[in-house]
file final.txt (compact mmCIF, C-alpha atoms and all ligand atoms)
# COMPACT_ATOMS: atom_id res chain seq x y z
CA MET A 1 -24.32 -6.52 -3.41
CA THR A 2 -21.91 -4.02 -4.92
CA GLU A 3 -23.51 -0.58 -5.45
CA LEU A 4 -22.98 1.02 -8.86
CA LEU A 5 -22.78 4.77 -8.19
CA ALA A 6 -23.03 7.55 -10.77
CA ALA A 7 -20.23 10.14 -10.69
CA ASP A 8 -22.63 12.95 -9.69
CA ALA A 9 -22.93 14.79 -6.38
CA PRO A 10 -25.08 12.15 -4.61
CA GLY A 11 -22.90 9.30 -5.94
CA ILE A 12 -19.71 11.01 -4.82
CA SER A 13 -21.00 11.73 -1.33
CA ARG A 14 -22.23 8.14 -0.97
CA ALA A 15 -18.82 6.84 -2.11
CA ALA A 16 -17.04 9.16 0.34
CA ALA A 17 -19.26 8.05 3.22
CA LEU A 18 -18.53 4.39 2.44
CA LEU A 19 -14.77 5.03 2.32
CA ARG A 20 -14.90 6.87 5.64
CA ALA A 21 -16.78 3.94 7.14
CA GLY A 22 -13.92 1.60 6.18
CA GLU A 23 -15.62 0.06 3.13
CA LEU A 24 -13.96 -0.64 -0.23
CA VAL A 25 -14.97 1.60 -3.15
CA ALA A 26 -13.63 1.28 -6.69
CA LEU A 27 -13.09 4.62 -8.39
CA GLY A 28 -12.29 5.65 -11.94
CA THR A 29 -9.11 7.68 -12.47
CA GLU A 30 -7.51 8.93 -15.69
CA THR A 31 -5.31 5.78 -15.76
CA VAL A 32 -7.28 2.73 -14.59
CA TYR A 33 -9.95 1.99 -11.97
CA GLY A 34 -8.53 1.81 -8.47
CA LEU A 35 -9.79 -0.24 -5.54
CA GLY A 36 -9.97 2.45 -2.86
CA ALA A 37 -9.76 2.19 0.90
CA ASP A 38 -9.16 4.69 3.72
CA ALA A 39 -5.34 4.52 3.93
CA THR A 40 -5.42 5.44 7.62
CA ASN A 41 -7.56 2.39 8.43
CA ALA A 42 -5.35 -0.73 8.54
CA ARG A 43 -8.34 -3.07 8.49
CA ALA A 44 -9.74 -1.43 5.37
CA VAL A 45 -6.31 -1.71 3.70
CA ALA A 46 -6.10 -5.39 4.71
CA ALA A 47 -9.52 -5.89 3.11
CA VAL A 48 -8.09 -4.54 -0.18
CA PHE A 49 -5.46 -7.29 -0.23
CA ALA A 50 -8.13 -9.85 0.65
CA ALA A 51 -10.48 -8.66 -2.14
CA LYS A 52 -7.66 -8.70 -4.71
CA GLN A 53 -6.43 -12.09 -3.47
CA ARG A 54 -2.83 -10.88 -3.64
CA PRO A 55 -0.43 -13.57 -2.51
CA ARG A 56 1.80 -10.95 -0.89
CA PHE A 57 1.63 -7.42 0.46
CA ASN A 58 2.69 -5.13 -2.37
CA PRO A 59 2.94 -1.51 -1.29
CA LEU A 60 -0.06 0.58 -2.38
CA ILE A 61 -0.27 4.09 -3.82
CA CYS A 62 -2.00 6.80 -1.72
CA HIS A 63 -4.24 9.18 -3.64
CA TYR A 64 -4.86 12.85 -2.80
CA PRO A 65 -6.96 15.72 -4.18
CA ASP A 66 -3.96 18.09 -4.46
CA ARG A 67 -0.24 18.28 -3.80
CA GLU A 68 -0.54 20.10 -0.46
CA ALA A 69 -2.56 17.14 0.83
CA ALA A 70 -0.05 14.63 -0.60
CA PHE A 71 2.91 16.34 1.05
CA VAL A 72 1.29 16.00 4.47
CA ASP A 73 2.20 12.29 4.51
CA VAL A 74 5.63 12.38 2.80
CA VAL A 75 8.69 14.60 2.91
CA PRO A 76 9.12 16.20 -0.52
CA ASN A 77 12.61 17.11 -1.74
CA GLU A 78 13.45 19.79 -4.28
CA ILE A 79 12.94 17.46 -7.27
CA ALA A 80 9.58 16.31 -5.93
CA ARG A 81 8.38 19.88 -5.56
CA ARG A 82 9.43 20.80 -9.06
CA ILE A 83 7.89 17.76 -10.66
CA ALA A 84 4.67 18.04 -8.65
CA ALA A 85 4.27 21.67 -9.66
CA SER A 86 4.47 20.81 -13.35
CA LEU A 87 3.13 17.26 -13.74
CA TRP A 88 0.45 16.94 -11.03
CA PRO A 89 -2.42 16.36 -11.25
CA GLY A 90 -1.72 13.53 -13.68
CA PRO A 91 -0.68 9.91 -14.21
CA LEU A 92 2.52 10.12 -12.18
CA THR A 93 3.27 8.52 -8.81
CA LEU A 94 6.15 9.73 -6.61
CA VAL A 95 7.85 7.49 -4.04
CA LEU A 96 9.11 9.62 -1.14
CA PRO A 97 10.08 9.19 2.52
CA ARG A 98 7.00 8.62 4.63
CA ARG A 99 6.67 11.13 7.45
CA PRO A 100 7.18 9.26 10.73
CA GLN A 101 4.05 10.88 12.16
CA SER A 102 1.94 10.11 9.08
CA ARG A 103 -1.57 8.78 9.78
CA VAL A 104 -1.23 6.35 6.87
CA ALA A 105 -1.33 2.75 8.15
CA LEU A 106 1.99 0.86 7.95
CA LEU A 107 0.28 -1.88 5.95
CA THR A 108 -0.45 0.59 3.12
CA ALA A 109 3.23 0.67 2.09
CA ALA A 110 3.80 -2.92 3.28
CA GLY A 111 6.02 -1.76 6.12
CA LEU A 112 8.38 0.33 3.97
CA ASP A 113 9.77 3.66 5.15
CA SER A 114 8.64 5.15 1.85
CA LEU A 115 5.19 6.01 0.57
CA ALA A 116 3.96 6.27 -3.02
CA VAL A 117 1.72 9.31 -3.54
CA ARG A 118 -0.31 10.45 -6.51
CA VAL A 119 -2.73 13.25 -7.41
CA PRO A 120 -5.05 11.97 -10.15
CA SER A 121 -6.33 14.41 -12.74
CA HIS A 122 -9.73 12.80 -13.27
CA PRO A 123 -12.39 15.23 -11.96
CA ALA A 124 -14.57 12.49 -10.43
CA ALA A 125 -11.59 10.99 -8.60
CA ALA A 126 -10.51 14.44 -7.39
CA ALA A 127 -14.04 15.20 -6.16
CA LEU A 128 -14.22 11.90 -4.28
CA LEU A 129 -10.79 12.42 -2.70
CA ARG A 130 -11.81 15.90 -1.59
CA ALA A 131 -15.07 14.60 -0.12
CA ALA A 132 -13.39 11.65 1.61
CA ALA A 133 -10.91 14.09 3.19
CA ARG A 134 -8.33 11.41 3.87
CA PRO A 135 -5.66 9.58 1.90
CA VAL A 136 -7.13 6.80 -0.24
CA ALA A 137 -4.98 3.71 -0.88
CA ALA A 138 -5.85 2.22 -4.26
CA PRO A 139 -4.23 -0.54 -6.28
CA SER A 140 -5.74 -1.33 -9.65
CA ALA A 141 -9.24 -2.73 -9.09
CA ASN A 142 -8.62 -6.19 -10.48
CA ARG A 143 -7.98 -9.57 -8.93
CA SER A 144 -4.30 -10.32 -8.67
CA GLY A 145 -2.88 -11.69 -11.92
CA THR A 146 -5.58 -10.24 -14.18
CA VAL A 147 -5.40 -7.08 -16.30
CA SER A 148 -6.20 -3.66 -14.89
CA PRO A 149 -9.81 -2.49 -15.38
CA THR A 150 -10.60 0.61 -17.43
CA THR A 151 -14.42 0.54 -17.12
CA ALA A 152 -16.82 0.07 -14.20
CA GLN A 153 -18.01 -3.14 -15.86
CA HIS A 154 -14.45 -4.56 -15.84
CA VAL A 155 -14.34 -3.89 -12.10
CA LEU A 156 -17.66 -5.67 -11.54
CA ASP A 157 -16.52 -8.61 -13.68
CA GLY A 158 -13.71 -9.26 -11.21
CA LEU A 159 -14.94 -7.93 -7.90
CA ALA A 160 -18.77 -7.80 -7.81
CA GLY A 161 -19.99 -8.89 -4.40
CA ARG A 162 -16.52 -8.45 -2.87
CA ILE A 163 -16.55 -4.63 -2.55
CA ALA A 164 -19.12 -2.07 -1.36
CA ALA A 165 -19.38 0.12 -4.46
CA VAL A 166 -18.02 1.27 -7.81
CA LEU A 167 -18.05 4.96 -8.70
CA ASP A 168 -18.71 4.85 -12.45
CA SER A 169 -16.90 7.73 -14.13
CA GLY A 170 -16.88 6.13 -17.57
CA PRO A 171 -13.94 4.64 -19.47
CA CYS A 172 -10.48 5.71 -18.25
CA PRO A 173 -8.99 8.17 -20.77
CA VAL A 174 -5.33 7.08 -20.37
CA GLY A 175 -5.95 3.37 -19.93
CA ILE A 176 -2.53 2.40 -18.54
CA GLU A 177 -1.27 2.79 -14.98
CA SER A 178 0.63 5.79 -13.69
CA THR A 179 4.38 6.14 -14.12
CA VAL A 180 6.12 5.36 -10.81
CA LEU A 181 9.17 7.47 -10.01
CA ASP A 182 11.32 6.69 -6.98
CA LEU A 183 12.73 9.85 -5.37
CA MET A 184 14.13 8.18 -2.24
CA GLY A 185 17.77 8.25 -3.32
CA HIS A 186 20.14 10.78 -4.84
CA ASP A 187 19.05 10.05 -8.41
CA PRO A 188 15.44 9.71 -9.56
CA VAL A 189 14.67 6.11 -10.62
CA LEU A 190 11.89 5.01 -12.95
CA LEU A 191 10.23 2.01 -11.27
CA ARG A 192 7.35 1.61 -13.72
CA PRO A 193 6.76 3.24 -17.09
CA GLY A 194 3.19 4.51 -17.40
CA GLY A 195 0.87 7.34 -18.35
CA THR A 196 3.44 10.15 -17.95
CA THR A 197 6.27 9.87 -20.47
CA LEU A 198 9.92 9.70 -19.50
CA GLU A 199 10.50 12.63 -21.88
CA ALA A 200 8.05 14.81 -19.94
CA ILE A 201 9.76 13.94 -16.67
CA GLU A 202 13.28 14.44 -17.99
CA ALA A 203 12.28 17.80 -19.47
CA GLU A 204 11.55 18.91 -15.90
CA ILE A 205 14.30 17.28 -13.85
CA GLY A 206 16.97 15.95 -16.22
CA PRO A 207 18.17 12.34 -16.58
CA VAL A 208 16.26 9.56 -14.83
CA VAL A 209 17.72 6.13 -14.05
CA GLN A 210 15.64 3.34 -15.57
CA SER A 211 15.32 0.34 -13.32
CA ALA A 212 12.54 -1.44 -15.19
CA SER A 213 13.90 -4.15 -17.48
CA SER A 214 13.42 -3.77 -21.23
CA ASN A 215 10.12 -5.66 -21.17
CA GLY A 216 8.76 -3.09 -18.72
CA VAL A 217 8.55 -5.48 -15.79
CA LEU A 218 8.89 -3.64 -12.53
CA ARG A 219 11.43 -4.70 -9.96
CA SER A 220 9.43 -5.80 -6.97
CA PRO A 221 9.73 -3.36 -4.05
CA GLY A 222 8.81 -6.18 -1.70
CA MET A 223 12.11 -7.83 -2.59
CA MET A 224 14.31 -4.75 -2.34
CA ALA A 225 17.02 -4.54 0.30
CA SER A 226 15.41 -1.36 1.62
CA HIS A 227 12.35 -3.34 2.63
CA TYR A 228 11.85 -3.14 6.35
CA ALA A 229 13.17 -6.13 8.26
CA PRO A 230 13.28 -6.24 12.05
CA SER A 231 16.73 -5.98 13.62
CA LEU A 232 15.95 -8.83 16.03
CA PRO A 233 16.20 -12.32 14.47
CA VAL A 234 12.84 -13.92 13.74
CA ARG A 235 11.96 -17.57 14.53
CA LEU A 236 8.91 -18.97 12.73
CA ASP A 237 6.32 -21.62 13.67
CA ALA A 238 7.08 -21.36 17.38
CA VAL A 239 5.24 -23.96 19.48
CA SER A 240 7.00 -22.85 22.65
CA VAL A 241 8.64 -19.62 23.74
CA SER A 242 11.80 -19.10 25.77
CA LYS A 243 12.64 -16.41 28.34
CA ASP A 244 14.77 -14.36 25.94
CA GLU A 245 12.14 -14.22 23.19
CA ALA A 246 9.40 -11.71 22.43
CA LEU A 247 6.27 -13.38 21.09
CA LEU A 248 4.31 -12.42 18.00
CA ALA A 249 1.11 -14.28 18.82
CA PHE A 250 -1.83 -15.41 16.71
CA GLY A 251 -4.82 -16.69 18.68
CA THR A 252 -4.21 -17.78 22.28
CA PRO A 253 -0.61 -16.86 23.23
CA LEU A 254 1.82 -19.71 24.07
CA PRO A 255 2.13 -20.48 27.76
CA GLY A 256 4.95 -18.67 29.55
CA ALA A 257 5.16 -15.81 27.03
CA GLY A 258 6.59 -12.53 28.34
CA THR A 259 6.68 -9.57 25.98
CA THR A 260 3.83 -10.28 23.55
CA TYR A 261 2.11 -8.60 20.64
CA ASN A 262 -1.03 -10.44 19.58
CA LEU A 263 -1.84 -10.13 15.85
CA SER A 264 -5.36 -11.39 16.42
CA PRO A 265 -6.58 -12.95 19.69
CA GLY A 266 -9.58 -14.35 17.78
CA GLY A 267 -7.44 -15.82 14.96
CA ASP A 268 -8.79 -13.58 12.19
CA PRO A 269 -6.33 -13.28 9.24
CA ILE A 270 -7.68 -9.86 8.14
CA GLU A 271 -7.14 -8.44 11.60
CA ALA A 272 -3.70 -10.07 11.74
CA ALA A 273 -2.72 -8.53 8.41
CA ALA A 274 -3.83 -5.11 9.61
CA ARG A 275 -1.59 -5.45 12.68
CA LEU A 276 1.42 -7.30 11.20
CA PHE A 277 3.82 -4.43 10.47
CA VAL A 278 2.89 -2.55 13.63
CA GLY A 279 3.47 -5.74 15.62
CA LEU A 280 6.92 -6.42 14.13
CA ARG A 281 7.99 -2.81 14.70
CA THR A 282 6.62 -2.73 18.24
CA LEU A 283 8.45 -5.89 19.34
CA ASP A 284 11.61 -4.79 17.56
CA ALA A 285 11.53 -1.43 19.34
CA THR A 286 10.58 -2.58 22.84
CA GLY A 287 12.02 -6.13 22.96
CA PRO A 288 15.76 -5.48 23.41
CA ALA A 289 15.30 -3.26 26.50
CA LEU A 290 13.21 -6.07 28.04
CA GLY A 291 15.94 -8.66 27.46
CA CYS A 292 14.53 -10.15 24.24
CA LYS A 293 17.11 -11.44 21.76
CA ARG A 294 14.66 -12.86 19.22
CA ILE A 295 11.07 -12.65 18.00
CA ALA A 296 9.25 -15.99 18.11
CA VAL A 297 6.26 -16.14 15.78
CA MET A 298 3.31 -18.48 16.29
CA PRO A 299 2.08 -20.28 13.17
CA VAL A 300 -0.49 -18.45 11.05
CA PRO A 301 -2.64 -20.76 8.89
CA SER A 302 -2.18 -20.22 5.13
CA VAL A 303 -5.81 -19.33 4.54
CA GLY A 304 -6.93 -16.08 2.87
CA LEU A 305 -4.53 -13.31 3.90
CA GLY A 306 -2.51 -15.95 5.78
CA HIS A 307 -0.58 -16.55 2.52
CA ALA A 308 0.56 -12.92 2.34
CA ILE A 309 1.28 -12.81 6.08
CA ASN A 310 3.46 -15.92 5.83
CA ASP A 311 5.26 -14.60 2.74
CA ARG A 312 6.19 -11.46 4.68
CA LEU A 313 7.17 -13.40 7.82
CA ARG A 314 9.37 -15.80 5.82
CA ARG A 315 11.23 -12.84 4.35
CA ALA A 316 11.56 -11.24 7.80
CA ALA A 317 13.06 -14.52 9.08
CA SER A 318 15.40 -15.23 6.14
CA PRO A 319 19.16 -14.87 6.74
CA ARG A 320 20.55 -11.41 6.04
O1 LIG A 401 -2.45 4.40 -12.21
C1 LIG A 401 -2.21 3.85 -11.15
O2 LIG A 401 -1.13 3.97 -10.55
C2 LIG A 401 -3.32 3.00 -10.53
C3 LIG A 401 -4.48 3.93 -10.17
C4 LIG A 401 -5.57 3.22 -9.44
O3 LIG A 401 -3.99 5.01 -9.41
N1 LIG A 401 -2.86 2.25 -9.41
C5 LIG A 401 -2.01 1.19 -9.54
O4 LIG A 401 -1.71 0.55 -8.33
O5 LIG A 401 -1.55 0.82 -10.59
P1 LIG A 401 -1.00 -0.86 -8.26
O6 LIG A 401 -1.05 -1.25 -6.80
O7 LIG A 401 -1.58 -1.81 -9.22
O8 LIG A 401 0.50 -0.54 -8.61
C6 LIG A 401 1.28 0.26 -7.75
C7 LIG A 401 2.73 0.15 -8.11
C8 LIG A 401 3.24 -1.22 -7.80
O9 LIG A 401 4.07 -1.64 -8.83
C9 LIG A 401 4.02 -1.00 -6.51
O10 LIG A 401 5.06 -1.91 -6.37
C10 LIG A 401 4.52 0.43 -6.66
O11 LIG A 401 3.48 1.10 -7.34
N2 LIG A 401 4.70 1.05 -5.34
C11 LIG A 401 3.74 1.43 -4.47
N3 LIG A 401 4.27 1.90 -3.33
C12 LIG A 401 5.62 1.84 -3.47
C13 LIG A 401 6.73 2.18 -2.64
N4 LIG A 401 6.56 2.69 -1.41
N5 LIG A 401 7.97 1.98 -3.14
C14 LIG A 401 8.14 1.47 -4.37
N6 LIG A 401 7.14 1.13 -5.21
C15 LIG A 401 5.89 1.30 -4.77
MG MG A 402 -1.99 -3.43 -10.54

call {"tool": "encode", "arguments": {"input": "final.txt", "output": "structure tokens", "more": "lines below"}}
Ligand code: TXA
Ligand code: MG
result
Amino acid sequence: MTELLAADAPGISRAAALLRAGELVALGTETVYGLGADATNARAVAAVFAAKQRPRFNPLICHYPDREAAFVDVVPNEIARRIAASLWPGPLTLVLPRRPQSRVALLTAAGLDSLAVRVPSHPAAAALLRAAARPVAAPSANRSGTVSPTTAQHVLDGLAGRIAAVLDSGPCPVGIESTVLDLMGHDPVLLRPGGTTLEAIEAEIGPVVQSASSNGVLRSPGMMASHYAPSLPVRLDAVSVSKDEALLAFGTPLPGAGTTYNLSPGGDPIEAAARLFVGLRTLDATGPALGCKRIAVMPVPSVGLGHAINDRLRRAASPR
């Protein structure tokens, strides 16, 4: 049963307690309802992808009560500071370099070196984020391929029974998603038009490169060249493992395996998703010194999050 919580003090503290316990809580923001999870808890983030039934791991936005909190997990540059001072809180998301020591789980940004951060202006969202006292990863609270929800009822229509609670803060005043601005490179790039106008942004920081095509469709960060790929070659569907291979295992490891990272000894796709990016990075970092020339990957069944795991593994294994 999904709890419907009022956006008052008891509702907000209940929602915060659920988030801190690793549960999924939908929350109203000024843009659309988000499906929130503790961004430092990889299993909770994996559960978001499972609830949304996303066929792949799209990077998620982390939400914070104020800009000081947001800049704990990313490295702001001069443009980011200026824009945050004038346009936050509000419907604007900034993509910045993730701090290497950030507590945010690698799965939250789908293994990227960047992190999208946002400070919503909605008072109920801000109160919940303050009470949760940790970054909250939240994609729009709809099933993949359906429109974003702007009322608590829309959220329940798609996700009732699949999430712990909805914090009902009424209809979302903006009603479209936040503008996503990429500040990773030399020039700011508009990745998604949204609730903050280009004019407002350009008034602060000057010209912005527009990467979205004319119909507003976002280029998919999962497909970008900057997307993390291991430096060791990756071999999929391994049914045996050789001496010069590190093994990314799922279930019982193959006989004779040396250097091994097990995604899920019990064969649970949610656990495997939570550990996927850490596993790839770990083997990539430790393998070469141990004589590994390749990462062999055991098959992961395409069930539930297995689809997204296999999508990511196929891209990690594709020729570069
Ligand atoms: O208004 C909003 O932004 C809502 C509310 C809940 O905050 N959230 C939302 O999340 O729309 P979602 O997951 O539906 O869309 C997030 C967008 C995606 O297009 C994603 O590709 C992009 O932000 N994004 C997230 N992290 C990124 C990153 N590290 N680099 C590039 N793009 C990123
Ligand atoms: Mg969405």

call {"tool": "atom_distance", "arguments": {"input": "final.txt", "atom1": "atom C13 of ligand LIG 401 (chain A)", "atom2": "atom CA of Arg54 of chain A"}}
result
16.2 Å

call {"tool": "closest_residue", "arguments": {"input": "final.txt", "among": "A:Ile83, A:Ala50, A:Leu290, A:Ala138", "to": "ligand MG 402 (chain A)", "atoms": "only C-alpha atoms and all ligand atoms"}}
result
A:Ala138

call {"tool": "residues_near_ligand", "arguments": {"input": "final.txt", "ligand": "ligand MG 402 (chain A)", "cutoff": "8 Å", "atoms": "only C-alpha atoms and all ligand atoms", "output": "VMD selection string"}}
result
chain A and resid 139 to 142 144 147 to 148 177

call {"tool": "residues_around", "arguments": {"input": "final.txt", "residues": "segment 14-25 of chain A", "least_positions_apart": "3", "cutoff": "9 Å", "atoms": "all atoms listed in the file", "output": "PDB file with C-alpha atoms, keeping the file's coordinate frame"}}
result
ATOM      1  CA  LEU A   5     -22.780   4.770  -8.190  1.00  0.00           C
ATOM      2  CA  ALA A   9     -22.930  14.790  -6.380  1.00  0.00           C
ATOM      3  CA  PRO A  10     -25.080  12.150  -4.610  1.00  0.00           C
ATOM      4  CA  GLY A  11     -22.900   9.300  -5.940  1.00  0.00           C
ATOM      5  CA  GLY A  34      -8.530   1.810  -8.470  1.00  0.00           C
ATOM      6  CA  LEU A  35      -9.790  -0.240  -5.540  1.00  0.00           C
ATOM      7  CA  GLY A  36      -9.970   2.450  -2.860  1.00  0.00           C
ATOM      8  CA  ALA A  37      -9.760   2.190   0.900  1.00  0.00           C
ATOM      9  CA  ASP A  38      -9.160   4.690   3.720  1.00  0.00           C
ATOM     10  CA  ASN A  41      -7.560   2.390   8.430  1.00  0.00           C
ATOM     11  CA  ARG A  43      -8.340  -3.070   8.490  1.00  0.00           C
ATOM     12  CA  ALA A  44      -9.740  -1.430   5.370  1.00  0.00           C
ATOM     13  CA  VAL A  45      -6.310  -1.710   3.700  1.00  0.00           C
ATOM     14  CA  ALA A  47      -9.520  -5.890   3.110  1.00  0.00           C
ATOM     15  CA  VAL A  48      -8.090  -4.540  -0.180  1.00  0.00           C
ATOM     16  CA  ALA A  51     -10.480  -8.660  -2.140  1.00  0.00           C
ATOM     17  CA  LEU A 128     -14.220  11.900  -4.280  1.00  0.00           C
ATOM     18  CA  LEU A 129     -10.790  12.420  -2.700  1.00  0.00           C
ATOM     19  CA  ARG A 130     -11.810  15.900  -1.590  1.00  0.00           C
ATOM     20  CA  ALA A 131     -15.070  14.600  -0.120  1.00  0.00           C
ATOM     21  CA  ALA A 132     -13.390  11.650   1.610  1.00  0.00           C
ATOM     22  CA  ALA A 133     -10.910  14.090   3.190  1.00  0.00           C
ATOM     23  CA  ARG A 134      -8.330  11.410   3.870  1.00  0.00           C
ATOM     24  CA  VAL A 136      -7.130   6.800  -0.240  1.00  0.00           C
ATOM     25  CA  ARG A 162     -16.520  -8.450  -2.870  1.00  0.00           C
ATOM     26  CA  ILE A 163     -16.550  -4.630  -2.550  1.00  0.00           C
ATOM     27  CA  ALA A 164     -19.120  -2.070  -1.360  1.00  0.00           C
ATOM     28  CA  ALA A 165     -19.380   0.120  -4.460  1.00  0.00           C
ATOM     29  CA  VAL A 166     -18.020   1.270  -7.810  1.00  0.00           C
ATOM     30  CA  LEU A 167     -18.050   4.960  -8.700  1.00  0.00           C
TER      31      LEU A 167
END

call {"tool": "residues_near_ligand", "arguments": {"input": "final.txt", "ligand": "ligand LIG 401 (chain A)", "cutoff": "6 Å", "atoms": "all atoms listed in the file", "output": "list in words"}}
result
Thr31, Val32, Tyr33, Gly34, Asn58, Pro59, Leu60, Ile61, Val95, Ala109, Ser114, Leu115, Ala116, Ala138, Pro139, Ser140, Glu177, Ser178, Ser220 and Pro221 of chain A

call {"tool": "residues_around", "arguments": {"input": "final.txt", "residues": "Ala84 of chain A", "least_positions_apart": "2", "cutoff": "12 Å", "atoms": "all atoms listed in the file", "output": "compact mmCIF listing (two decimals) with C-alpha atoms, in the coordinates of the input"}}
result
# COMPACT_ATOMS: atom_id res chain seq x y z
CA ASP A 66 -3.96 18.09 -4.46
CA ARG A 67 -0.24 18.28 -3.80
CA GLU A 68 -0.54 20.10 -0.46
CA ALA A 69 -2.56 17.14 0.83
CA ALA A 70 -0.05 14.63 -0.60
CA PHE A 71 2.91 16.34 1.05
CA PRO A 76 9.12 16.20 -0.52
CA ASN A 77 12.61 17.11 -1.74
CA GLU A 78 13.45 19.79 -4.28
CA ILE A 79 12.94 17.46 -7.27
CA ALA A 80 9.58 16.31 -5.93
CA ARG A 81 8.38 19.88 -5.56
CA ARG A 82 9.43 20.80 -9.06
CA SER A 86 4.47 20.81 -13.35
CA LEU A 87 3.13 17.26 -13.74
CA TRP A 88 0.45 16.94 -11.03
CA PRO A 89 -2.42 16.36 -11.25
CA GLY A 90 -1.72 13.53 -13.68
CA PRO A 91 -0.68 9.91 -14.21
CA LEU A 92 2.52 10.12 -12.18
CA THR A 93 3.27 8.52 -8.81
CA LEU A 94 6.15 9.73 -6.61
CA VAL A 95 7.85 7.49 -4.04
CA VAL A 117 1.72 9.31 -3.54
CA ARG A 118 -0.31 10.45 -6.51
CA VAL A 119 -2.73 13.25 -7.41
CA PRO A 120 -5.05 11.97 -10.15
CA LEU A 181 9.17 7.47 -10.01
CA LEU A 183 12.73 9.85 -5.37
CA ILE A 201 9.76 13.94 -16.67
CA GLU A 204 11.55 18.91 -15.90
CA ILE A 205 14.30 17.28 -13.85

call {"tool": "atom_distance", "arguments": {"input": "final.txt", "atom1": "atom CA of Ala137 of chain A", "atom2": "atom CA of Ala285 of chain A"}}
result
26.6 Å

call {"tool": "closest_residue", "arguments": {"input": "final.txt", "among": "A:Leu247, A:Arg275, A:Pro299, A:Ala257", "to": "Gly287 of chain A", "atoms": "only C-alpha atoms"}}
result
A:Leu247

call {"tool": "residues_around", "arguments": {"input": "final.txt", "residues": "Val209 of chain A", "least_positions_apart": "4", "cutoff": "8 Å", "atoms": "all atoms listed in the file", "output": "PDB file with C-alpha atoms, in the frame of the given file"}}
result
ATOM      1  CA  ASP A 187      19.050  10.050  -8.410  1.00  0.00           C
ATOM      2  CA  PRO A 188      15.440   9.710  -9.560  1.00  0.00           C
ATOM      3  CA  VAL A 189      14.670   6.110 -10.620  1.00  0.00           C
ATOM      4  CA  LEU A 190      11.890   5.010 -12.950  1.00  0.00           C
TER       5      LEU A 190
END

call {"tool": "residues_around", "arguments": {"input": "final.txt", "residues": "segment 235-241 of chain A", "least_positions_apart": "2", "cutoff": "12 Å", "atoms": "only C-alpha atoms", "output": "MDAnalysis selection string"}}
result
chainID A and resid 230 232:233 243:250 252:260 292:301 309:319

call {"tool": "closest_residue", "arguments": {"input": "final.txt", "among": "A:Ala160, A:Ala229, A:Ala274, A:Val174", "to": "Thr2 of chain A", "atoms": "only C-alpha atoms"}}
result
A:Ala160

call {"tool": "atom_distance", "arguments": {"input": "final.txt", "atom1": "atom CA of Thr150 of chain A", "atom2": "atom CA of Leu27 of chain A"}}
result
10.2 Å

call {"tool": "residues_near_point", "arguments": {"input": "final.txt", "point": "(-0.3, 12.6, 7.6)", "cutoff": "7 Å", "atoms": "all atoms listed in the file", "output": "list of chain:residue names"}}
result
A:Val72, A:Asp73, A:Gln101, A:Ser102, A:Arg103, A:Val104

call {"tool": "closest_residue", "arguments": {"input": "final.txt", "among": "A:Ala124, A:Val234, A:Cys62, A:Leu156", "to": "Met1 of chain A", "atoms": "only C-alpha atoms"}}
result
A:Leu156

call {"tool": "closest_residue", "arguments": {"input": "final.txt", "among": "A:Ser13, A:Ser242, A:Thr108, A:Thr29", "to": "Phe49 of chain A", "atoms": "only C-alpha atoms"}}
result
A:Thr108

call {"tool": "residues_around", "arguments": {"input": "final.txt", "residues": "Arg143 of chain A", "least_positions_apart": "6", "cutoff": "7 Å", "atoms": "all atoms listed in the file", "output": "PyMOL selection string"}}
result
chain A and resi 52-53+158

call {"tool": "decode", "arguments": {"input": "final.txt", "residues": "segment 154-176 of chain A", "atoms": "C-alpha atoms", "output": "compact mmCIF listing (two decimals), in the first residue's frame"}}
result
# COMPACT_ATOMS: atom_id res chain seq x y z
CA HIS A 154 -1.17 11.12 -11.44
CA VAL A 155 1.62 9.53 -9.41
CA LEU A 156 -0.75 7.00 -7.86
CA ASP A 157 -2.25 6.21 -11.27
CA GLY A 158 1.16 4.99 -12.44
CA LEU A 159 2.94 3.83 -9.32
CA ALA A 160 0.43 2.92 -6.57
CA GLY A 161 1.62 -0.19 -4.76
CA ARG A 162 5.13 0.15 -6.20
CA ILE A 163 6.39 2.94 -3.90
CA ALA A 164 6.16 3.62 -0.15
CA ALA A 165 4.49 7.03 -0.18
CA VAL A 166 3.47 10.19 -2.01
CA LEU A 167 3.87 13.57 -0.33
CA ASP A 168 0.85 15.47 -1.67
CA SER A 169 1.74 19.13 -2.09
CA GLY A 170 -1.03 19.85 -4.58
CA PRO A 171 -0.73 20.51 -8.31
CA CYS A 172 2.74 21.52 -9.54
CA PRO A 173 2.74 25.25 -10.35
CA VAL A 174 5.20 25.09 -13.30
CA GLY A 175 4.03 21.79 -14.74
CA ILE A 176 7.03 21.09 -17.00
